[in-house]
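Asks: For reference, this is my_file.tsv, and it has TSV, C-alpha atoms and all ligand atoms.
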chain	number	residue	atom	x	y	z
A	295	MET	CA	31.40	-99.48	54.46
A	296	LYS	CA	29.67	-101.27	51.63
A	297	THR	CA	28.46	-99.18	48.73
A	298	ALA	CA	25.98	-99.81	45.94
A	299	ILE	CA	25.84	-97.64	42.85
A	300	VAL	CA	22.41	-97.78	41.28
A	301	TYR	CA	22.17	-96.23	37.84
A	302	TYR	CA	20.12	-95.82	34.73
A	303	SER	CA	21.70	-94.62	31.51
A	304	MET	CA	20.20	-94.15	28.08
A	305	SER	CA	23.24	-93.14	26.07
A	306	GLY	CA	26.20	-94.22	28.17
A	307	ASN	CA	27.27	-91.11	30.08
A	308	THR	CA	25.89	-92.13	33.46
A	309	LYS	CA	27.08	-95.69	32.88
A	310	TYR	CA	30.57	-94.36	32.20
A	311	VAL	CA	30.78	-92.45	35.50
A	312	ALA	CA	29.05	-95.15	37.53
A	313	GLY	CA	31.60	-97.67	36.25
A	314	LYS	CA	34.51	-95.44	37.18
A	315	VAL	CA	33.19	-94.80	40.68
A	316	ALA	CA	32.41	-98.51	41.17
A	317	ALA	CA	35.99	-99.38	40.24
A	318	ALA	CA	37.01	-97.70	43.51
A	319	GLY	CA	35.16	-100.49	45.35
A	320	ALA	CA	31.39	-100.68	45.05
A	321	ASP	CA	28.68	-102.91	43.62
A	322	LEU	CA	27.27	-101.67	40.35
A	323	ILE	CA	23.55	-102.15	39.82
A	324	GLU	CA	22.02	-101.16	36.52
A	325	ILE	CA	18.30	-100.56	36.33
A	326	ALA	CA	16.34	-100.33	33.10
A	327	PRO	CA	12.69	-100.00	32.19
A	328	GLU	CA	10.86	-103.03	30.81
A	329	LYS	CA	9.77	-100.88	27.91
A	330	LYS	CA	12.71	-98.91	26.53
A	331	PHE	CA	12.32	-95.17	26.11
A	332	PRO	CA	12.71	-93.96	22.52
A	333	ALA	CA	16.39	-93.11	22.04
A	334	LYS	CA	16.18	-91.13	18.81
A	335	GLY	CA	14.49	-88.16	17.21
A	336	LEU	CA	11.93	-85.86	18.72
A	337	ARG	CA	10.18	-88.71	20.53
A	338	LYS	CA	13.30	-89.20	22.64
A	339	PHE	CA	12.72	-85.82	24.27
A	340	LEU	CA	8.93	-85.78	24.13
A	341	VAL	CA	8.30	-89.20	25.63
A	342	GLY	CA	11.21	-89.16	28.09
A	343	GLY	CA	10.67	-85.53	29.06
A	344	ARG	CA	6.95	-85.93	29.70
A	345	SER	CA	7.51	-89.10	31.64
A	346	ALA	CA	10.15	-87.37	33.78
A	347	VAL	CA	8.14	-84.21	34.58
A	348	THR	CA	5.12	-86.24	35.56
A	349	GLY	CA	7.25	-88.34	37.90
A	350	ALA	CA	6.40	-91.57	36.08
A	351	THR	CA	7.37	-94.90	37.65
A	352	PRO	CA	7.86	-97.33	34.74
A	353	ALA	CA	8.08	-101.07	35.43
A	354	LEU	CA	11.72	-102.17	35.64
A	355	LEU	CA	13.53	-105.22	34.35
A	356	PRO	CA	14.58	-107.50	37.22
A	357	TYR	CA	17.61	-106.30	39.19
A	358	GLU	CA	19.25	-107.34	42.42
A	359	PHE	CA	19.47	-104.92	45.31
A	360	LYS	CA	19.43	-105.96	48.94
A	361	GLY	CA	19.32	-102.71	50.83
A	362	SER	CA	20.29	-104.35	54.11
A	363	GLU	CA	23.69	-105.24	52.63
A	364	TYR	CA	24.75	-101.66	52.09
A	365	ASP	CA	25.79	-98.69	54.20
A	366	ARG	CA	25.77	-96.30	51.30
A	367	VAL	CA	23.77	-96.01	48.09
A	368	VAL	CA	24.93	-93.83	45.22
A	369	ILE	CA	22.07	-92.91	42.91
A	370	ALA	CA	23.25	-92.08	39.39
A	371	THR	CA	20.92	-90.68	36.77
A	372	PRO	CA	20.81	-88.45	33.73
A	373	VAL	CA	18.82	-85.24	34.18
A	374	TRP	CA	15.62	-85.42	32.17
A	375	ALA	CA	13.53	-82.24	32.05
A	376	SER	CA	15.12	-81.04	35.31
A	377	SER	CA	14.15	-84.33	36.96
A	378	PRO	CA	15.69	-87.73	37.62
A	379	ALA	CA	15.13	-90.24	34.81
A	380	PRO	CA	11.91	-92.16	35.57
A	381	PRO	CA	13.49	-95.58	36.25
A	382	LEU	CA	15.05	-94.01	39.34
A	383	ASN	CA	11.60	-92.93	40.55
A	384	THR	CA	10.55	-96.57	40.45
A	385	PHE	CA	13.71	-97.76	42.16
A	386	ILE	CA	13.38	-95.25	45.00
A	387	ARG	CA	9.66	-95.99	45.47
A	388	ASP	CA	10.27	-99.75	45.55
A	389	ASN	CA	13.23	-99.59	47.93
A	390	ARG	CA	12.11	-97.01	50.43
A	391	GLU	CA	12.89	-99.33	53.36
A	392	GLY	CA	16.23	-100.39	51.89
A	393	LEU	CA	17.28	-96.76	51.51
A	394	LYS	CA	16.27	-95.67	54.98
A	395	ASP	CA	19.11	-94.72	57.30
A	396	LYS	CA	21.71	-95.10	54.55
A	397	LYS	CA	24.21	-92.56	53.39
A	398	ILE	CA	22.92	-91.39	50.03
A	399	ALA	CA	25.15	-89.82	47.40
A	400	LEU	CA	24.10	-88.52	44.01
A	401	ILE	CA	25.58	-88.49	40.52
A	402	LEU	CA	23.85	-86.41	37.85
A	403	CYS	CA	24.78	-86.27	34.18
A	404	PHE	CA	23.30	-83.49	32.13
A	405	ARG	CA	23.91	-81.03	29.30
A	406	GLY	CA	23.88	-77.89	31.41
A	407	GLY	CA	20.43	-77.14	32.82
A	408	GLY	CA	18.20	-78.34	35.63
A	409	ALA	CA	20.61	-80.29	37.82
A	410	ASP	CA	19.63	-78.39	40.99
A	411	LYS	CA	15.94	-79.15	40.47
A	412	ALA	CA	16.68	-82.79	39.68
A	413	ALA	CA	18.80	-83.07	42.85
A	414	ALA	CA	16.00	-81.52	44.93
A	415	LYS	CA	13.55	-84.06	43.52
A	416	VAL	CA	15.81	-86.99	44.38
A	417	LYS	CA	16.25	-85.54	47.87
A	418	GLU	CA	12.51	-85.35	48.31
A	419	LEU	CA	11.88	-88.85	46.92
A	420	THR	CA	14.52	-90.49	49.11
A	421	GLY	CA	13.80	-88.30	52.13
A	422	CYS	CA	17.54	-88.44	52.80
A	423	GLY	CA	17.92	-84.87	54.10
A	424	GLU	CA	21.38	-84.16	52.75
A	425	PHE	CA	23.44	-86.05	50.21
A	426	GLU	CA	26.74	-87.29	51.49
A	427	ALA	CA	28.31	-86.15	48.23
A	428	GLU	CA	27.16	-84.88	44.86
A	429	LEU	CA	28.81	-85.20	41.47
A	430	VAL	CA	27.36	-83.25	38.56
A	431	LEU	CA	28.94	-83.73	35.14
A	432	VAL	CA	28.23	-82.48	31.64
A	433	ASP	CA	28.01	-85.49	29.28
A	434	PRO	CA	31.08	-87.10	30.89
A	435	LYS	CA	31.56	-89.82	28.30
A	436	LYS	CA	31.55	-87.32	25.50
A	437	ASN	CA	33.79	-84.95	27.50
A	438	ALA	CA	36.01	-87.66	28.99
A	439	GLY	CA	39.40	-86.41	30.08
A	440	TYR	CA	41.35	-84.81	32.88
A	441	ASP	CA	38.60	-82.52	34.22
A	442	VAL	CA	36.02	-85.30	34.40
A	443	ASP	CA	38.53	-87.68	36.02
A	444	LYS	CA	39.46	-85.03	38.58
A	445	LYS	CA	35.82	-84.47	39.56
A	446	ILE	CA	35.20	-88.21	39.79
A	447	ALA	CA	38.28	-88.60	41.98
A	448	GLY	CA	37.03	-85.82	44.29
A	449	PHE	CA	33.66	-87.54	44.63
A	450	VAL	CA	35.26	-90.94	45.30
A	451	LYS	CA	37.43	-89.34	48.00
A	452	LYS	CA	34.34	-87.93	49.73
A	453	ILE	CA	32.52	-91.24	49.81
A	454	THR	CA	35.52	-93.30	50.86
A	455	GLU	CA	37.26	-91.23	53.52
B	1	LIG	C1	14.36	-87.04	27.65
B	1	LIG	C2	15.60	-86.24	27.92
B	1	LIG	C3	15.51	-85.07	28.65
B	1	LIG	C4	16.67	-84.33	28.96
B	1	LIG	N1	16.55	-83.20	29.72
B	1	LIG	C5	17.67	-82.51	30.06
B	1	LIG	C6	17.60	-81.35	30.92
B	1	LIG	O1	16.54	-80.97	31.44
B	1	LIG	N2	18.75	-80.68	31.18
B	1	LIG	C7	19.97	-81.06	30.66
B	1	LIG	O2	20.95	-80.40	30.93
B	1	LIG	N3	20.09	-82.18	29.88
B	1	LIG	C8	18.97	-82.91	29.57
B	1	LIG	N4	19.09	-84.04	28.80
B	1	LIG	C9	20.44	-84.49	28.38
B	1	LIG	C10	20.99	-85.62	29.29
B	1	LIG	O3	20.72	-85.38	30.66
B	1	LIG	C11	22.51	-85.76	29.15
B	1	LIG	O4	22.88	-85.86	27.80
B	1	LIG	C12	23.06	-86.94	29.95
B	1	LIG	O5	24.48	-86.85	30.03
B	1	LIG	C13	22.69	-88.28	29.33
B	1	LIG	O6	23.06	-89.34	30.16
B	1	LIG	P1	23.10	-90.86	29.61
B	1	LIG	O7	24.08	-90.87	28.46
B	1	LIG	O8	23.59	-91.66	30.77
B	1	LIG	O9	21.73	-91.23	29.18
B	1	LIG	C14	17.94	-84.78	28.48
B	1	LIG	C15	18.02	-85.97	27.73
B	1	LIG	C16	16.86	-86.70	27.46
B	1	LIG	C17	16.97	-87.99	26.67
Represent the structure of the file as structure tokens.
Ligand SMILES: Cc1cc2nc3c(=O)[nH]c(=O)nc-3n(C[C@H](O)[C@H](O)[C@H](O)COP(=O)(O)O)c2cc1C
Replies:
Amino acid sequence: MKTAIVYYSMSGNTKYVAGKVAAAGADLIEIAPEKKFPAKGLRKFLVGGRSAVTGATPALLPYEFKGSEYDRVVIATPVWASSPAPPLNTFIRDNREGLKDKKIALILCFRGGGADKAAAKVKELTGCGEFEAELVLVDPKKNAGYDVDKKIAGFVKKITE
């Protein structure tokens, strides 16, 4: 089973988890918008939040993903306004064929609200039916430690057994 972990991260939490899961044996693919989202102040939440609720699909920097090479794709994203971060919208739209018939698992990083809605949106966008596994963590880089590691280990077990 070959696995790709596709992630976007603004402030490092999703990157942290994606890296840990990838260490168990998966290709790590970072996606990023051509035009960075503001990462500070009120604009961080206004611009990113509006973009996320409207389901924006920003142009992405080049990345390599050959869907045919993988059996499983793990989508990892921060929750923005109860939605996936917009770069993931673009990735899913542009790789619809490559995601078809794959096992899809989901990693969400958030601060405590809106993960269920974000998961439902990713489910709808990918059309995957059910996720093979789901890992939802509260700012895991900031809260790194035993509990986070234990949850990551549980997720890795599900997607590797
Ligand atoms: C634009 C924006 C919107 C956000 N909206 C939510 C939200 O709806 N619910 C929540 O719990 N956290 C929200 N957050 C917090 C992030 O999801 C959380 O801090 C996450 O761990 C960040 O991941 P990252 O470090 O990989 O970027 C938001 C953050 C940003 C920048």
Asks: All residues within 8 Å of ligand LIG 1 (chain B) are required, counting only C-alpha atoms and all ligand atoms; please report them as a PyMOL selection string.
Replies: chain A and resi 302-310+333+338-344+346+371-377+379+402-409+431-435
Asks: What's around Asp321 of chain A at 8 Å? Count only C-alpha atoms, leave out sequence neighbours fewer than 6 positions away in its own chain, and write the answer as a PyMOL selection string.
Replies: chain A and resi 297-299
Asks: As lines of an AutoDock Vina configuration file, please report the centre and edge lengths, rounded to one decimal in Å, of the axis-aligned box that holds all listed atoms of segment 361-373 of chain A with 4 Å of padding on each of the six sides.
Replies:
center_x = 22.3
center_y = -95.2
center_z = 44.0
size_x = 15.0
size_y = 28.0
size_z = 28.5
Asks: When you look at segment 450-452 of chain A with a cut-off of 8 Å (counting all atoms listed in the file), what residues show up, excluding the ones that are within fewer than 5 positions of it in the same chain? I need them as a list of chain:residue names.
Replies: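 The residues satisfying every condition are A:Val315, A:Ala318, A:Glu426, A:Ala427.
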Asks: Using all atoms listed in the file, pick whichever of A:Thr454, A:Asn437, A:Asn383, A:Thr420 has the shortest atom-to-atom distance to Ala353 of chain A.
Replies: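 Closest to Ala353 of chain A, using all atoms listed in the file: A:Asn383.
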Asks: Which residue is closest to Ala447 of chain A? Choose from A:Leu400, A:Cys422, A:Val311, A:Val300 and count all atoms listed in the file.
Replies: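 Using all atoms listed in the file, the shortest distance to Ala447 of chain A belongs to A:Val311.
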Asks: Choose the residue, out of A:Val416, A:Ala317, A:Pro378, A:Lys360, that has the smallest atom-to-atom separation from Glu391 of chain A; count only C-alpha atoms.
Replies: A:Lys360
Asks: Closest to Pro356 of chain A among A:Ala320, A:Ala326, A:Ile446, A:Ala438, using only C-alpha atoms?
Replies: A:Ala326
